[in-house]
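What follows is a short report on a single structure.
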Amino acid sequence: MSKDMYIAEGGSTYRPPFFDDSDYYFWKRKMQLFLKSQDTDMWRIMTDGDFILRMDQNDSTSAEKKEAYWTTEEKTKVLLNSKAQLFLSCALSREECERVDECKTAKVVWDTLQTHHEGTSHVKETRIDIGIRKFELFEMNEGETIDEMYSRFTTIVNEMRSLGKAYSVQDRVRKIMRCLPIIWRPMVTAISQAKNLDVLGLEELIGTLRAHEVSKKFPFKKKSMMATWDDSDESETDEPEEANLCLMANIEDT
């Protein structure tokens with residue numbers, strides 16, 4: 001299924017996002033949000049299992065409460081079990097539905113999908129190790145824009161988060177600054193000197209880099225106390241000054 005079709009299927013707040021065996025991590029994040037938006041207890045059913053009424057709810061060994069004695073509120077809670085399973089069923093393609101056809105609860109369905117698409121704990125650990133290496137070796141490619149680089153970087157980070165490995169904002173900020181080519185070094189130095197990296201936001205960093213990227217496409221030079229646009233390539237000696245000017249302009253705008 002194409003990306004456009006996927007968005008069309010999963011773009012409604014009333015229908016669960018559709019999954020057809022492609023891009024499981026993307027679907028998983030959207031499905032989590034969808035279930036949580038339906039009811040605060042629905043996601044708990046996915047993680048802890050069906051809501052079971054007992055004579056003493058504080059005692060997990062207590063006998064189950066007979067349906068004839070359920071209150072209206074309790075019936076509503078038990079109904080969430082079926083709703084959660086229905087939402088999952090509606091979200092899955094025919095092939096995926098057949099994979100979980102024998103699952104009796106929403107939690108078992110969710111766990112089965114997760115094991116199939118993420119692998120066992122051993123496979124998951126291997127994927128995490130591979131993801132960590134991808135993160136550590138990540139670099140901006142030659143001719144790549146900041147947005148293109150950031151898109152690739154975000155894909156790696158999101159996949160790692162789905163596997164249970166999360167990177168802090170500061171880890172990501174520092175990694176992006178390290179991944180930039182040597183031509184960006186003056187800008188990296190300027191940011192390091194002007195900003196506190198312990199509190200610098202990721203979007204703020206990307207915004208500053210975008211601004212510098214634009215200035216590199218349309219460089220300016222001083223001529224007789226006046227700033228004029230110049231279409232010629234900038235020299236390496238102008239790079240530090242330009243980086244600082246770009247950063248200063250960005251700081252003033254924030």
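Naming scheme: A, B, ... for chains in displayed order of the structure tokens; residues 1 onward per chain; ligands 1 onward as shown.
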
Where in segment 8-246 of chain A does DSSP assign helix (DSSP H, G or I), given as JSON, numbers by chain?
{"A": [8, 9, 10, 24, 25, 26, 27, 28, 29, 30, 31, 32, 33, 34, 35, 36, 37, 38, 42, 43, 44, 45, 46, 47, 48, 67, 68, 69, 72, 73, 74, 75, 76, 77, 78, 79, 80, 81, 82, 83, 84, 85, 86, 87, 88, 89, 90, 91, 94, 95, 96, 97, 98, 99, 106, 107, 108, 109, 110, 111, 112, 113, 114, 115, 116, 117, 118, 121, 122, 123, 124, 125, 126, 127, 128, 129, 130, 131, 132, 133, 134, 135, 136, 137, 146, 147, 148, 149, 150, 151, 152, 153, 154, 155, 156, 157, 158, 159, 160, 161, 162, 169, 170, 171, 172, 173, 174, 175, 176, 177, 178, 179, 182, 183, 184, 185, 186, 187, 188, 189, 190, 191, 192, 193, 194, 202, 203, 204, 205, 206, 207, 208, 209, 210, 211, 212, 213, 214, 215, 216, 217, 236, 237, 238, 239, 240, 241, 242, 243, 244, 245, 246]}

Straight-line distance linking atom CA of Arg185 of chain A with atom CA of Glu213 of chain A, stated in Å to one decimal:
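Distance reported for this atom pair: 13.0 Å.
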
Hey, which of A:Glu102, A:Glu144, A:Asp198, A:Glu159 ends up closest to Arg29 of chain A? Count only C-alpha atoms.
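Of A:Glu102, A:Glu144, A:Asp198, A:Glu159, the one nearest Arg29 of chain A, counting only C-alpha atoms, is A:Glu159.
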
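The protein and nucleic acid residues lying at most 9 Å from Lys175 of chain A are Phe135, Glu136, Phe138, Glu139, Gln170, Asp171, Arg172, Val173, Met177, Arg178, Cys179 and Leu180 of chain A, with only C-alpha atoms considered and sequence neighbours fewer than 2 positions away removed.
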
Can those selected residues be exported to a file as a short mmCIF file (atom, residue, chain, number, x, y, z; two decimals), in the first residue's frame so that it contains N, CA and C atoms?
```
data_model
loop_
_atom_site.label_atom_id
_atom_site.label_comp_id
_atom_site.auth_asym_id
_atom_site.auth_seq_id
_atom_site.Cartn_x
_atom_site.Cartn_y
_atom_site.Cartn_z
N PHE A 135 22.81 5.06 15.09
CA PHE A 135 22.78 6.37 15.72
C PHE A 135 24.19 6.92 15.89
N GLU A 136 25.08 6.08 16.36
CA GLU A 136 26.45 6.52 16.63
C GLU A 136 27.20 6.88 15.35
N PHE A 138 25.79 7.86 12.52
CA PHE A 138 24.99 8.73 11.65
C PHE A 138 25.77 9.99 11.28
N GLU A 139 25.74 10.32 9.99
CA GLU A 139 26.39 11.53 9.49
C GLU A 139 25.54 12.15 8.39
N GLN A 170 19.02 16.30 24.65
CA GLN A 170 20.42 16.74 24.63
C GLN A 170 21.31 15.75 23.88
N ASP A 171 21.01 14.45 24.01
CA ASP A 171 21.77 13.45 23.24
C ASP A 171 21.59 13.68 21.75
N ARG A 172 20.36 13.98 21.35
CA ARG A 172 20.08 14.20 19.93
C ARG A 172 20.68 15.50 19.43
N VAL A 173 20.62 16.53 20.25
CA VAL A 173 21.22 17.82 19.87
C VAL A 173 22.72 17.65 19.62
N MET A 177 24.92 17.91 15.99
CA MET A 177 26.06 18.82 15.83
C MET A 177 27.33 18.06 15.44
N ARG A 178 27.45 16.83 15.92
CA ARG A 178 28.63 16.03 15.57
C ARG A 178 28.54 15.46 14.16
N CYS A 179 27.33 15.28 13.66
CA CYS A 179 27.17 14.61 12.36
C CYS A 179 27.36 15.55 11.18
N LEU A 180 27.46 16.85 11.44
CA LEU A 180 27.57 17.82 10.34
C LEU A 180 28.95 17.76 9.70
#
```
